[in-house]
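What follows is the content of coords.tsv (TSV, C-alpha atoms and all ligand atoms).
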chain	number	residue	atom	x	y	z
A	1	MET	CA	-4.36	5.85	34.28
A	2	SER	CA	-2.75	2.98	32.39
A	3	SER	CA	0.62	1.23	32.44
A	4	LEU	CA	1.62	3.11	29.33
A	5	THR	CA	5.21	4.29	28.92
A	6	ILE	CA	5.91	7.71	27.42
A	7	THR	CA	9.20	8.15	25.59
A	8	LEU	CA	10.66	11.19	23.86
A	9	VAL	CA	12.82	11.16	20.77
A	10	ARG	CA	14.28	14.04	18.86
A	11	GLY	CA	14.04	13.28	15.16
A	12	ASP	CA	11.95	12.61	12.10
A	13	ILE	CA	8.71	10.71	12.67
A	14	THR	CA	8.97	9.01	9.26
A	15	GLU	CA	12.06	7.14	10.49
A	16	GLN	CA	10.35	5.54	13.48
A	17	HIS	CA	9.78	1.80	13.80
A	18	THR	CA	6.46	1.62	15.62
A	19	ASP	CA	3.17	-0.16	15.00
A	20	VAL	CA	1.48	3.17	14.33
A	21	ILE	CA	2.79	6.50	13.09
A	22	VAL	CA	0.35	9.34	13.68
A	23	ASN	CA	0.02	11.94	10.96
A	24	ALA	CA	-0.83	15.58	11.70
A	25	ALA	CA	-3.11	15.63	8.67
A	26	ASN	CA	-5.56	18.20	7.38
A	27	SER	CA	-9.21	17.42	6.89
A	28	SER	CA	-8.87	16.86	3.15
A	29	LEU	CA	-6.69	13.78	3.88
A	30	LEU	CA	-5.07	14.50	0.54
A	31	GLY	CA	-1.70	15.69	1.77
A	32	GLY	CA	-0.12	18.89	2.97
A	33	GLY	CA	3.11	20.25	4.38
A	34	GLY	CA	5.06	19.44	7.53
A	35	VAL	CA	4.60	15.95	8.95
A	36	ASP	CA	1.87	15.21	6.40
A	37	GLY	CA	4.12	15.96	3.44
A	38	ALA	CA	6.99	13.92	4.92
A	39	ILE	CA	4.75	10.90	5.59
A	40	HIS	CA	3.36	10.82	2.06
A	41	ARG	CA	6.81	11.37	0.54
A	42	ARG	CA	8.50	8.58	2.48
A	43	GLY	CA	5.51	6.27	2.70
A	44	GLY	CA	4.78	6.31	-1.01
A	45	PRO	CA	1.52	6.48	-2.99
A	46	GLU	CA	-0.32	3.67	-1.20
A	47	ILE	CA	-1.15	5.94	1.72
A	48	LEU	CA	-2.74	8.55	-0.53
A	49	GLU	CA	-4.63	5.80	-2.33
A	50	ASP	CA	-6.17	4.71	0.99
A	51	CYS	CA	-6.92	8.32	1.86
A	52	ARG	CA	-8.75	8.82	-1.42
A	53	LYS	CA	-10.85	5.72	-0.67
A	54	LEU	CA	-11.78	7.19	2.70
A	55	ARG	CA	-12.83	10.42	1.00
A	56	ALA	CA	-14.93	8.41	-1.44
A	57	SER	CA	-16.66	6.48	1.37
A	58	GLN	CA	-16.98	7.46	5.06
A	59	PHE	CA	-15.39	10.89	4.87
A	60	GLY	CA	-16.85	12.53	1.80
A	61	ARG	CA	-16.57	15.94	3.47
A	62	GLY	CA	-13.16	15.25	4.94
A	63	LEU	CA	-12.04	14.08	8.36
A	64	PRO	CA	-13.42	16.36	11.09
A	65	THR	CA	-11.03	18.14	13.46
A	66	GLY	CA	-10.25	16.01	16.52
A	67	LYS	CA	-11.05	12.70	14.80
A	68	ALA	CA	-8.69	9.95	13.65
A	69	VAL	CA	-8.66	7.27	10.98
A	70	ALA	CA	-6.16	4.57	9.95
A	71	THR	CA	-4.62	3.69	6.61
A	72	THR	CA	-1.76	1.51	5.46
A	73	ALA	CA	1.70	2.82	6.31
A	74	GLY	CA	3.01	2.07	2.81
A	75	LYS	CA	6.81	1.95	2.86
A	76	LEU	CA	7.17	3.39	6.37
A	77	HIS	CA	8.48	1.10	9.12
A	78	ALA	CA	5.06	0.82	10.67
A	79	GLN	CA	1.89	-1.15	10.11
A	80	TRP	CA	-0.51	1.75	10.04
A	81	VAL	CA	-0.62	5.50	9.74
A	82	VAL	CA	-3.33	7.04	11.89
A	83	HIS	CA	-4.36	10.40	10.44
A	84	THR	CA	-5.74	13.00	12.80
A	85	VAL	CA	-6.71	16.60	12.20
A	86	GLY	CA	-5.52	19.06	14.80
A	87	PRO	CA	-7.27	22.38	15.41
A	88	VAL	CA	-5.79	25.59	14.09
A	89	PHE	CA	-4.70	27.64	17.12
A	90	SER	CA	-6.97	30.56	17.99
A	91	ARG	CA	-6.59	33.32	20.57
A	92	GLU	CA	-10.35	34.02	20.45
A	93	GLU	CA	-11.56	30.50	21.09
A	94	ASP	CA	-10.25	27.73	23.35
A	95	ARG	CA	-9.78	24.69	21.12
A	96	SER	CA	-7.82	22.64	23.66
A	97	GLN	CA	-10.48	19.94	23.82
A	98	LEU	CA	-10.13	19.35	20.10
A	99	LEU	CA	-6.38	18.99	20.42
A	100	ALA	CA	-6.79	16.57	23.33
A	101	SER	CA	-9.31	14.66	21.23
A	102	CYS	CA	-6.68	14.11	18.52
A	103	TYR	CA	-4.46	12.24	20.97
A	104	ARG	CA	-7.34	10.34	22.55
A	105	GLU	CA	-8.96	9.34	19.25
A	106	SER	CA	-5.64	8.33	17.71
A	107	LEU	CA	-4.94	6.08	20.69
A	108	ARG	CA	-8.44	4.63	20.46
A	109	VAL	CA	-7.97	3.77	16.78
A	110	ALA	CA	-4.48	2.39	17.46
A	111	GLY	CA	-5.82	0.26	20.31
A	112	GLU	CA	-8.59	-1.14	18.12
A	113	LEU	CA	-5.99	-2.16	15.57
A	114	GLY	CA	-4.02	-3.98	18.25
A	115	ALA	CA	-1.06	-1.59	18.10
A	116	ARG	CA	1.31	-1.62	21.05
A	117	THR	CA	3.64	1.21	20.03
A	118	VAL	CA	2.54	4.59	18.67
A	119	ALA	CA	4.66	7.51	17.45
A	120	PHE	CA	3.09	10.98	17.70
A	121	PRO	CA	4.28	14.31	16.35
A	122	ALA	CA	3.51	17.51	18.27
A	123	ILE	CA	0.08	17.95	16.64
A	124	SER	CA	-0.97	21.49	15.65
A	125	THR	CA	2.35	23.07	16.70
A	126	GLY	CA	3.58	23.64	13.15
A	127	ILE	CA	1.54	25.20	10.38
A	128	TYR	CA	-1.51	25.30	12.71
A	129	GLY	CA	0.30	27.63	15.09
A	130	TRP	CA	-0.28	26.11	18.53
A	131	PRO	CA	2.28	27.39	21.09
A	132	MET	CA	4.71	24.54	21.74
A	133	ASP	CA	4.61	24.60	25.56
A	134	ASP	CA	0.84	24.39	25.65
A	135	GLY	CA	0.75	21.80	22.88
A	136	ALA	CA	3.19	19.67	24.88
A	137	ARG	CA	1.13	20.05	28.07
A	138	ILE	CA	-2.07	18.92	26.34
A	139	ALA	CA	-0.31	16.04	24.59
A	140	VAL	CA	1.31	14.64	27.71
A	141	GLU	CA	-1.70	15.11	30.02
A	142	THR	CA	-4.09	13.53	27.53
A	143	VAL	CA	-1.90	10.53	26.82
A	144	ARG	CA	-1.24	10.01	30.54
A	145	ASP	CA	-4.95	9.99	31.32
A	146	ALA	CA	-5.97	7.79	28.41
A	147	GLN	CA	-7.52	4.39	28.95
A	148	THR	CA	-5.61	2.42	26.35
A	149	SER	CA	-4.10	-0.95	25.55
A	150	VAL	CA	-1.19	0.81	23.80
A	151	GLU	CA	2.03	0.16	25.71
A	152	GLU	CA	4.36	2.87	24.43
A	153	VAL	CA	3.67	6.35	23.18
A	154	ARG	CA	6.72	7.92	21.60
A	155	PHE	CA	6.61	11.64	21.01
A	156	VAL	CA	8.89	12.42	18.09
A	157	LEU	CA	10.03	16.02	18.30
A	158	PHE	CA	11.57	17.70	15.34
A	159	ASP	CA	13.75	20.27	17.06
A	160	GLU	CA	15.39	21.07	20.37
A	161	GLN	CA	12.71	23.54	21.47
A	162	ALA	CA	9.96	20.95	20.97
A	163	TYR	CA	12.00	18.30	22.75
A	164	ALA	CA	12.61	20.61	25.72
A	165	ALA	CA	8.91	21.51	25.96
A	166	PHE	CA	7.91	17.86	26.11
A	167	ALA	CA	10.75	16.93	28.46
A	168	ALA	CA	9.53	19.56	30.93
A	169	ARG	CA	6.09	17.90	30.97
A	170	VAL	CA	7.20	14.28	31.14
A	171	ARG	CA	9.54	14.69	34.12
B	201	LIG	P1	0.12	21.01	12.08
B	201	LIG	O1	-0.49	21.40	10.76
B	201	LIG	O2	-0.77	20.07	12.87
B	201	LIG	O3	0.62	22.17	12.85
B	201	LIG	P2	2.81	20.32	11.12
B	201	LIG	O4	3.17	19.10	10.36
B	201	LIG	O5	2.93	21.62	10.43
B	201	LIG	O6	1.33	20.04	11.68
B	201	LIG	O7	3.69	20.41	12.43
B	201	LIG	C1	3.50	19.65	13.61
B	201	LIG	C2	4.83	19.53	14.34
B	201	LIG	O8	5.62	18.54	13.72
B	201	LIG	C3	5.68	20.79	14.34
B	201	LIG	O9	6.24	20.96	15.64
B	201	LIG	C4	6.77	20.49	13.31
B	201	LIG	O10	7.99	21.16	13.61
B	201	LIG	C5	6.93	19.01	13.46
B	201	LIG	N1	7.44	18.27	12.29
B	201	LIG	C6	7.51	18.66	10.99
B	201	LIG	N2	8.01	17.65	10.23
B	201	LIG	C7	8.28	16.62	11.08
B	201	LIG	C8	8.82	15.30	10.93
B	201	LIG	N3	9.20	14.84	9.74
B	201	LIG	N4	8.92	14.52	12.03
B	201	LIG	C9	8.51	14.96	13.25
B	201	LIG	N5	8.00	16.18	13.46
B	201	LIG	C10	7.89	17.00	12.40
Kindly return the structure encoded in the file as structure tokens.
Amino acid sequence: MSSLTITLVRGDITEQHTDVIVNAANSSLLGGGGVDGAIHRRGGPEILEDCRKLRASQFGRGLPTGKAVATTAGKLHAQWVVHTVGPVFSREEDRSQLLASCYRESLRVAGELGARTVAFPAISTGIYGWPMDDGARIAVETVRDAQTSVEEVRFVLFDEQAYAAFAARVR
């Protein structure tokens, strides 16, 4: 347990003013839809430039699922974007630990950077198909249990259903 505060906001993650904005990236790090597309659109080309450098150095084969890495935040109102790759939801295989790892690893990277405030989307609950209620449960439990120097985690939920799912877990 830590003294971390969890807040919930309904809105667009690219409009947040936080030290870190977490991107629900894919392993290519070269852009995609959903949150990823919005972050690159609003953040400008510097973010992609950093991502390409990461592909050319440490992550030649892409960023593995459950891991996290930081880049500049470009024109976003943040200092860094932390990219993490959520698991694709599967009914055959329990990938919950990988989803939890996304939150834990993102907080670890944010903490190492000295970030105090971190905005998260509901990782894997879009294109990757994770059921929202379960995604919210894993997100909130993992962040609550994290050992971190981060002071505020803000979950930024795009629609009312996502907001309600998180609100039910944070109460
Ligand atoms: P994934 O591929 O990890 O599922 P997505 O980006 O498709 O990632 O979706 C993750 C969640 O983020 C979904 O609940 C989606 O509705 C939401 N989302 C999409 N765009 C935004 C945005 N601009 N700000 C906040 N949340 C967003």
Legend entry - Of the listed residues A:Val69, A:Val9, A:Leu30, A:Leu157, that which approaches ligand LIG 201 (chain B) most closely, counting only C-alpha atoms and all ligand atoms: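 The shortest atom-to-atom distance to ligand LIG 201 (chain B) comes from A:Leu157.
Counting from CA of Gly11 (chain A), the distance to atom C7 of ligand LIG 201 (chain B) is 7.8 Å.
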Against ligand LIG 201 (chain B), which residues of chain A fall within 9 Å? For each one I want the closest pair of atoms and the distance in Å (one decimal), counting all atoms listed in the file, rows by chain and increasing residue number, as JSON lines.
{"residue": "A:Arg10", "atom": "CA", "partner": "B:LIG201", "partner_atom": "C9", "distance": 8.1}
{"residue": "A:Gly11", "atom": "CA", "partner": "B:LIG201", "partner_atom": "C9", "distance": 6.1}
{"residue": "A:Asp12", "atom": "CA", "partner": "B:LIG201", "partner_atom": "N4", "distance": 3.6}
{"residue": "A:Ile13", "atom": "CA", "partner": "B:LIG201", "partner_atom": "N4", "distance": 3.9}
{"residue": "A:Thr14", "atom": "CA", "partner": "B:LIG201", "partner_atom": "N3", "distance": 5.9}
{"residue": "A:Glu15", "atom": "CA", "partner": "B:LIG201", "partner_atom": "N4", "distance": 8.2}
{"residue": "A:Asn23", "atom": "CA", "partner": "B:LIG201", "partner_atom": "O4", "distance": 7.8}
{"residue": "A:Ala24", "atom": "CA", "partner": "B:LIG201", "partner_atom": "O2", "distance": 4.6}
{"residue": "A:Ala25", "atom": "CA", "partner": "B:LIG201", "partner_atom": "O2", "distance": 6.5}
{"residue": "A:Asn26", "atom": "CA", "partner": "B:LIG201", "partner_atom": "O1", "distance": 6.9}
{"residue": "A:Gly32", "atom": "CA", "partner": "B:LIG201", "partner_atom": "O4", "distance": 8.1}
{"residue": "A:Gly33", "atom": "CA", "partner": "B:LIG201", "partner_atom": "O4", "distance": 6.1}
{"residue": "A:Gly34", "atom": "CA", "partner": "B:LIG201", "partner_atom": "O4", "distance": 3.4}
{"residue": "A:Val35", "atom": "CA", "partner": "B:LIG201", "partner_atom": "O4", "distance": 3.7}
{"residue": "A:Asp36", "atom": "CA", "partner": "B:LIG201", "partner_atom": "O4", "distance": 5.7}
{"residue": "A:Gly37", "atom": "CA", "partner": "B:LIG201", "partner_atom": "O4", "distance": 7.7}
{"residue": "A:Ala38", "atom": "CA", "partner": "B:LIG201", "partner_atom": "N3", "distance": 5.4}
{"residue": "A:Ile39", "atom": "CA", "partner": "B:LIG201", "partner_atom": "N3", "distance": 7.2}
{"residue": "A:Thr84", "atom": "CA", "partner": "B:LIG201", "partner_atom": "O2", "distance": 8.6}
{"residue": "A:Val85", "atom": "CA", "partner": "B:LIG201", "partner_atom": "O2", "distance": 6.9}
{"residue": "A:Gly86", "atom": "CA", "partner": "B:LIG201", "partner_atom": "O2", "distance": 5.2}
{"residue": "A:Pro87", "atom": "CA", "partner": "B:LIG201", "partner_atom": "O2", "distance": 7.4}
{"residue": "A:Val88", "atom": "CA", "partner": "B:LIG201", "partner_atom": "O3", "distance": 7.4}
{"residue": "A:Phe89", "atom": "CA", "partner": "B:LIG201", "partner_atom": "O3", "distance": 8.7}
{"residue": "A:Phe120", "atom": "CA", "partner": "B:LIG201", "partner_atom": "C9", "distance": 8.1}
{"residue": "A:Pro121", "atom": "CA", "partner": "B:LIG201", "partner_atom": "N5", "distance": 5.1}
{"residue": "A:Ala122", "atom": "CA", "partner": "B:LIG201", "partner_atom": "C2", "distance": 4.6}
{"residue": "A:Ile123", "atom": "CA", "partner": "B:LIG201", "partner_atom": "O2", "distance": 4.4}
{"residue": "A:Ser124", "atom": "CA", "partner": "B:LIG201", "partner_atom": "O2", "distance": 3.1}
{"residue": "A:Thr125", "atom": "CA", "partner": "B:LIG201", "partner_atom": "O3", "distance": 4.3}
{"residue": "A:Gly126", "atom": "CA", "partner": "B:LIG201", "partner_atom": "O7", "distance": 3.3}
{"residue": "A:Ile127", "atom": "CA", "partner": "B:LIG201", "partner_atom": "O5", "distance": 3.8}
{"residue": "A:Tyr128", "atom": "CA", "partner": "B:LIG201", "partner_atom": "O3", "distance": 3.8}
{"residue": "A:Gly129", "atom": "CA", "partner": "B:LIG201", "partner_atom": "O3", "distance": 5.9}
{"residue": "A:Trp130", "atom": "CA", "partner": "B:LIG201", "partner_atom": "O3", "distance": 7.0}
{"residue": "A:Met132", "atom": "CA", "partner": "B:LIG201", "partner_atom": "O9", "distance": 7.2}
{"residue": "A:Phe155", "atom": "CA", "partner": "B:LIG201", "partner_atom": "C9", "distance": 8.7}
{"residue": "A:Val156", "atom": "CA", "partner": "B:LIG201", "partner_atom": "C9", "distance": 5.5}
{"residue": "A:Leu157", "atom": "CA", "partner": "B:LIG201", "partner_atom": "N5", "distance": 5.3}
{"residue": "A:Phe158", "atom": "CA", "partner": "B:LIG201", "partner_atom": "N5", "distance": 4.3}
{"residue": "A:Asp159", "atom": "CA", "partner": "B:LIG201", "partner_atom": "O10", "distance": 6.8}
{"residue": "A:Ala162", "atom": "CA", "partner": "B:LIG201", "partner_atom": "O9", "distance": 6.5}
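A straight line drawn from CA of Thr71 (chain A) to CA of Ser96 (chain A) is 25.7 Å long.
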Per residue of region 59-125 of chain A within 10 Å of region 42-50 of chain A, note the shortest atom pair and the distance in Å to one decimal, counting all atoms listed in the file, and order the rows by chain and increasing residue number, as a tab-separated table.
residue	atom	partner	partner_atom	distance
A:Ala70	CA	A:Asp50	CA	9.0
A:Thr71	CA	A:Asp50	CA	5.9
A:Thr72	CA	A:Ile47	CA	5.8
A:Ala73	CA	A:Ile47	CA	6.2
A:Gly74	CA	A:Gly43	CA	4.9
A:Lys75	CA	A:Gly43	CA	4.5
A:Leu76	CA	A:Gly43	CA	5.0
A:His77	CA	A:Gly43	CA	8.8
A:Ala78	CA	A:Gly43	CA	9.7
A:Trp80	CA	A:Ile47	CA	9.3
A:Val81	CA	A:Ile47	CA	8.0
Size and centre in Å, one decimal, axis-aligned box, all listed region 92-101 of chain A atoms plus 5 Å per side, as lines of an AutoDock Vina configuration file:
center_x = -9.0
center_y = 24.3
center_z = 22.0
size_x = 15.2
size_y = 29.4
size_z = 13.7
Legend entry - All residues 8 Å or closer to Arg104 (chain A), all atoms listed in the file, same chain fewer than 6 positions away omitted, as a ChimeraX atom specification: /A:142-143,146
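Distance-wise, CA of Arg52 (chain A) and CA of Leu107 (chain A) end up 22.6 Å apart.
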Inset, instruction - May I have the residues within 6 Å of Leu98 (chain A) as a ChimeraX atom specification, using all atoms listed in the file and disregarding those fewer than 3 positions away in the same chain? - result: /A:66,95,101
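All residues of protein, DNA or RNA that reach within 9 Å of Gln147 (chain A), judged by all atoms listed in the file and not counting those fewer than 2 positions away in the chain, are Met1, Ser2, Arg104, Leu107, Arg108, Val143, Arg144, Asp145, Ser149 and Val150 of chain A.
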Any chance you could export region 33-64 of chain A with N, CA and C atoms, as a PDB file, in the first residue's frame?
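This went into result-v8.pdb:
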ATOM      1  N   GLY A  33      -4.669   2.697 -33.490  1.00  0.00           N
ATOM      2  CA  GLY A  33      -5.922   3.417 -33.323  1.00  0.00           C
ATOM      3  C   GLY A  33      -6.152   3.792 -31.876  1.00  0.00           C
ATOM      4  N   GLY A  34      -7.359   4.154 -31.545  1.00  0.00           N
ATOM      5  CA  GLY A  34      -7.751   4.433 -30.160  1.00  0.00           C
ATOM      6  C   GLY A  34      -6.873   5.477 -29.491  1.00  0.00           C
ATOM      7  N   VAL A  35      -6.487   5.192 -28.265  1.00  0.00           N
ATOM      8  CA  VAL A  35      -5.664   6.111 -27.470  1.00  0.00           C
ATOM      9  C   VAL A  35      -4.351   6.408 -28.206  1.00  0.00           C
ATOM     10  N   ASP A  36      -3.761   5.364 -28.754  1.00  0.00           N
ATOM     11  CA  ASP A  36      -2.483   5.476 -29.453  1.00  0.00           C
ATOM     12  C   ASP A  36      -2.570   6.506 -30.592  1.00  0.00           C
ATOM     13  N   GLY A  37      -3.585   6.361 -31.416  1.00  0.00           N
ATOM     14  CA  GLY A  37      -3.766   7.297 -32.526  1.00  0.00           C
ATOM     15  C   GLY A  37      -3.945   8.723 -32.027  1.00  0.00           C
ATOM     16  N   ALA A  38      -4.757   8.879 -30.987  1.00  0.00           N
ATOM     17  CA  ALA A  38      -5.038  10.217 -30.439  1.00  0.00           C
ATOM     18  C   ALA A  38      -3.768  10.848 -29.876  1.00  0.00           C
ATOM     19  N   ILE A  39      -2.962  10.060 -29.184  1.00  0.00           N
ATOM     20  CA  ILE A  39      -1.723  10.590 -28.583  1.00  0.00           C
ATOM     21  C   ILE A  39      -0.757  11.055 -29.665  1.00  0.00           C
ATOM     22  N   HIS A  40      -0.576  10.256 -30.698  1.00  0.00           N
ATOM     23  CA  HIS A  40       0.346  10.672 -31.763  1.00  0.00           C
ATOM     24  C   HIS A  40      -0.206  11.870 -32.543  1.00  0.00           C
ATOM     25  N   ARG A  41      -1.502  11.909 -32.744  1.00  0.00           N
ATOM     26  CA  ARG A  41      -2.107  13.042 -33.456  1.00  0.00           C
ATOM     27  C   ARG A  41      -1.906  14.343 -32.699  1.00  0.00           C
ATOM     28  N   ARG A  42      -2.244  14.326 -31.409  1.00  0.00           N
ATOM     29  CA  ARG A  42      -2.181  15.566 -30.619  1.00  0.00           C
ATOM     30  C   ARG A  42      -0.774  15.871 -30.131  1.00  0.00           C
ATOM     31  N   GLY A  43       0.035  14.847 -29.969  1.00  0.00           N
ATOM     32  CA  GLY A  43       1.381  15.054 -29.434  1.00  0.00           C
ATOM     33  C   GLY A  43       2.389  15.457 -30.498  1.00  0.00           C
ATOM     34  N   GLY A  44       2.045  15.186 -31.757  1.00  0.00           N
ATOM     35  CA  GLY A  44       2.941  15.563 -32.845  1.00  0.00           C
ATOM     36  C   GLY A  44       4.022  14.523 -33.107  1.00  0.00           C
ATOM     37  N   PRO A  45       4.853  14.775 -34.132  1.00  0.00           N
ATOM     38  CA  PRO A  45       5.789  13.778 -34.653  1.00  0.00           C
ATOM     39  C   PRO A  45       6.969  13.430 -33.743  1.00  0.00           C
ATOM     40  N   GLU A  46       7.232  14.256 -32.742  1.00  0.00           N
ATOM     41  CA  GLU A  46       8.374  13.968 -31.856  1.00  0.00           C
ATOM     42  C   GLU A  46       8.221  12.646 -31.124  1.00  0.00           C
ATOM     43  N   ILE A  47       6.990  12.303 -30.798  1.00  0.00           N
ATOM     44  CA  ILE A  47       6.763  11.058 -30.044  1.00  0.00           C
ATOM     45  C   ILE A  47       7.125   9.863 -30.924  1.00  0.00           C
ATOM     46  N   LEU A  48       6.666   9.905 -32.170  1.00  0.00           N
ATOM     47  CA  LEU A  48       6.961   8.812 -33.101  1.00  0.00           C
ATOM     48  C   LEU A  48       8.463   8.720 -33.380  1.00  0.00           C
ATOM     49  N   GLU A  49       9.097   9.880 -33.422  1.00  0.00           N
ATOM     50  CA  GLU A  49      10.554   9.907 -33.628  1.00  0.00           C
ATOM     51  C   GLU A  49      11.267   9.150 -32.503  1.00  0.00           C
ATOM     52  N   ASP A  50      10.852   9.415 -31.262  1.00  0.00           N
ATOM     53  CA  ASP A  50      11.420   8.701 -30.117  1.00  0.00           C
ATOM     54  C   ASP A  50      11.113   7.211 -30.197  1.00  0.00           C
ATOM     55  N   CYS A  51       9.903   6.894 -30.614  1.00  0.00           N
ATOM     56  CA  CYS A  51       9.511   5.480 -30.711  1.00  0.00           C
ATOM     57  C   CYS A  51      10.366   4.758 -31.737  1.00  0.00           C
ATOM     58  N   ARG A  52      10.619   5.415 -32.847  1.00  0.00           N
ATOM     59  CA  ARG A  52      11.472   4.808 -33.877  1.00  0.00           C
ATOM     60  C   ARG A  52      12.871   4.553 -33.342  1.00  0.00           C
ATOM     61  N   LYS A  53      13.378   5.489 -32.527  1.00  0.00           N
ATOM     62  CA  LYS A  53      14.711   5.299 -31.927  1.00  0.00           C
ATOM     63  C   LYS A  53      14.710   4.092 -31.010  1.00  0.00           C
ATOM     64  N   LEU A  54      13.637   3.910 -30.276  1.00  0.00           N
ATOM     65  CA  LEU A  54      13.546   2.745 -29.381  1.00  0.00           C
ATOM     66  C   LEU A  54      13.531   1.446 -30.185  1.00  0.00           C
ATOM     67  N   ARG A  55      12.835   1.479 -31.327  1.00  0.00           N
ATOM     68  CA  ARG A  55      12.809   0.289 -32.193  1.00  0.00           C
ATOM     69  C   ARG A  55      14.188   0.004 -32.777  1.00  0.00           C
ATOM     70  N   ALA A  56      14.952   1.067 -33.003  1.00  0.00           N
ATOM     71  CA  ALA A  56      16.288   0.911 -33.595  1.00  0.00           C
ATOM     72  C   ALA A  56      17.328   0.511 -32.548  1.00  0.00           C
ATOM     73  N   SER A  57      16.977   0.621 -31.260  1.00  0.00           N
ATOM     74  CA  SER A  57      17.952   0.296 -30.211  1.00  0.00           C
ATOM     75  C   SER A  57      17.445  -0.857 -29.346  1.00  0.00           C
ATOM     76  N   GLN A  58      16.897  -0.542 -28.155  1.00  0.00           N
ATOM     77  CA  GLN A  58      16.543  -1.604 -27.196  1.00  0.00           C
ATOM     78  C   GLN A  58      15.438  -2.537 -27.644  1.00  0.00           C
ATOM     79  N   PHE A  59      14.506  -2.028 -28.460  1.00  0.00           N
ATOM     80  CA  PHE A  59      13.312  -2.825 -28.759  1.00  0.00           C
ATOM     81  C   PHE A  59      13.163  -3.135 -30.243  1.00  0.00           C
ATOM     82  N   GLY A  60      14.224  -3.733 -30.774  1.00  0.00           N
ATOM     83  CA  GLY A  60      14.246  -4.092 -32.185  1.00  0.00           C
ATOM     84  C   GLY A  60      13.071  -4.960 -32.603  1.00  0.00           C
ATOM     85  N   ARG A  61      12.600  -5.814 -31.676  1.00  0.00           N
ATOM     86  CA  ARG A  61      11.476  -6.690 -31.999  1.00  0.00           C
ATOM     87  C   ARG A  61      10.167  -6.173 -31.420  1.00  0.00           C
ATOM     88  N   GLY A  62      10.182  -4.924 -31.007  1.00  0.00           N
ATOM     89  CA  GLY A  62       8.977  -4.321 -30.452  1.00  0.00           C
ATOM     90  C   GLY A  62       8.959  -4.411 -28.936  1.00  0.00           C
ATOM     91  N   LEU A  63       8.043  -3.688 -28.335  1.00  0.00           N
ATOM     92  CA  LEU A  63       7.903  -3.695 -26.876  1.00  0.00           C
ATOM     93  C   LEU A  63       7.029  -4.886 -26.479  1.00  0.00           C
ATOM     94  N   PRO A  64       7.553  -5.776 -25.615  1.00  0.00           N
ATOM     95  CA  PRO A  64       6.748  -6.947 -25.228  1.00  0.00           C
ATOM     96  C   PRO A  64       5.482  -6.562 -24.447  1.00  0.00           C
TER      97      PRO A  64
END
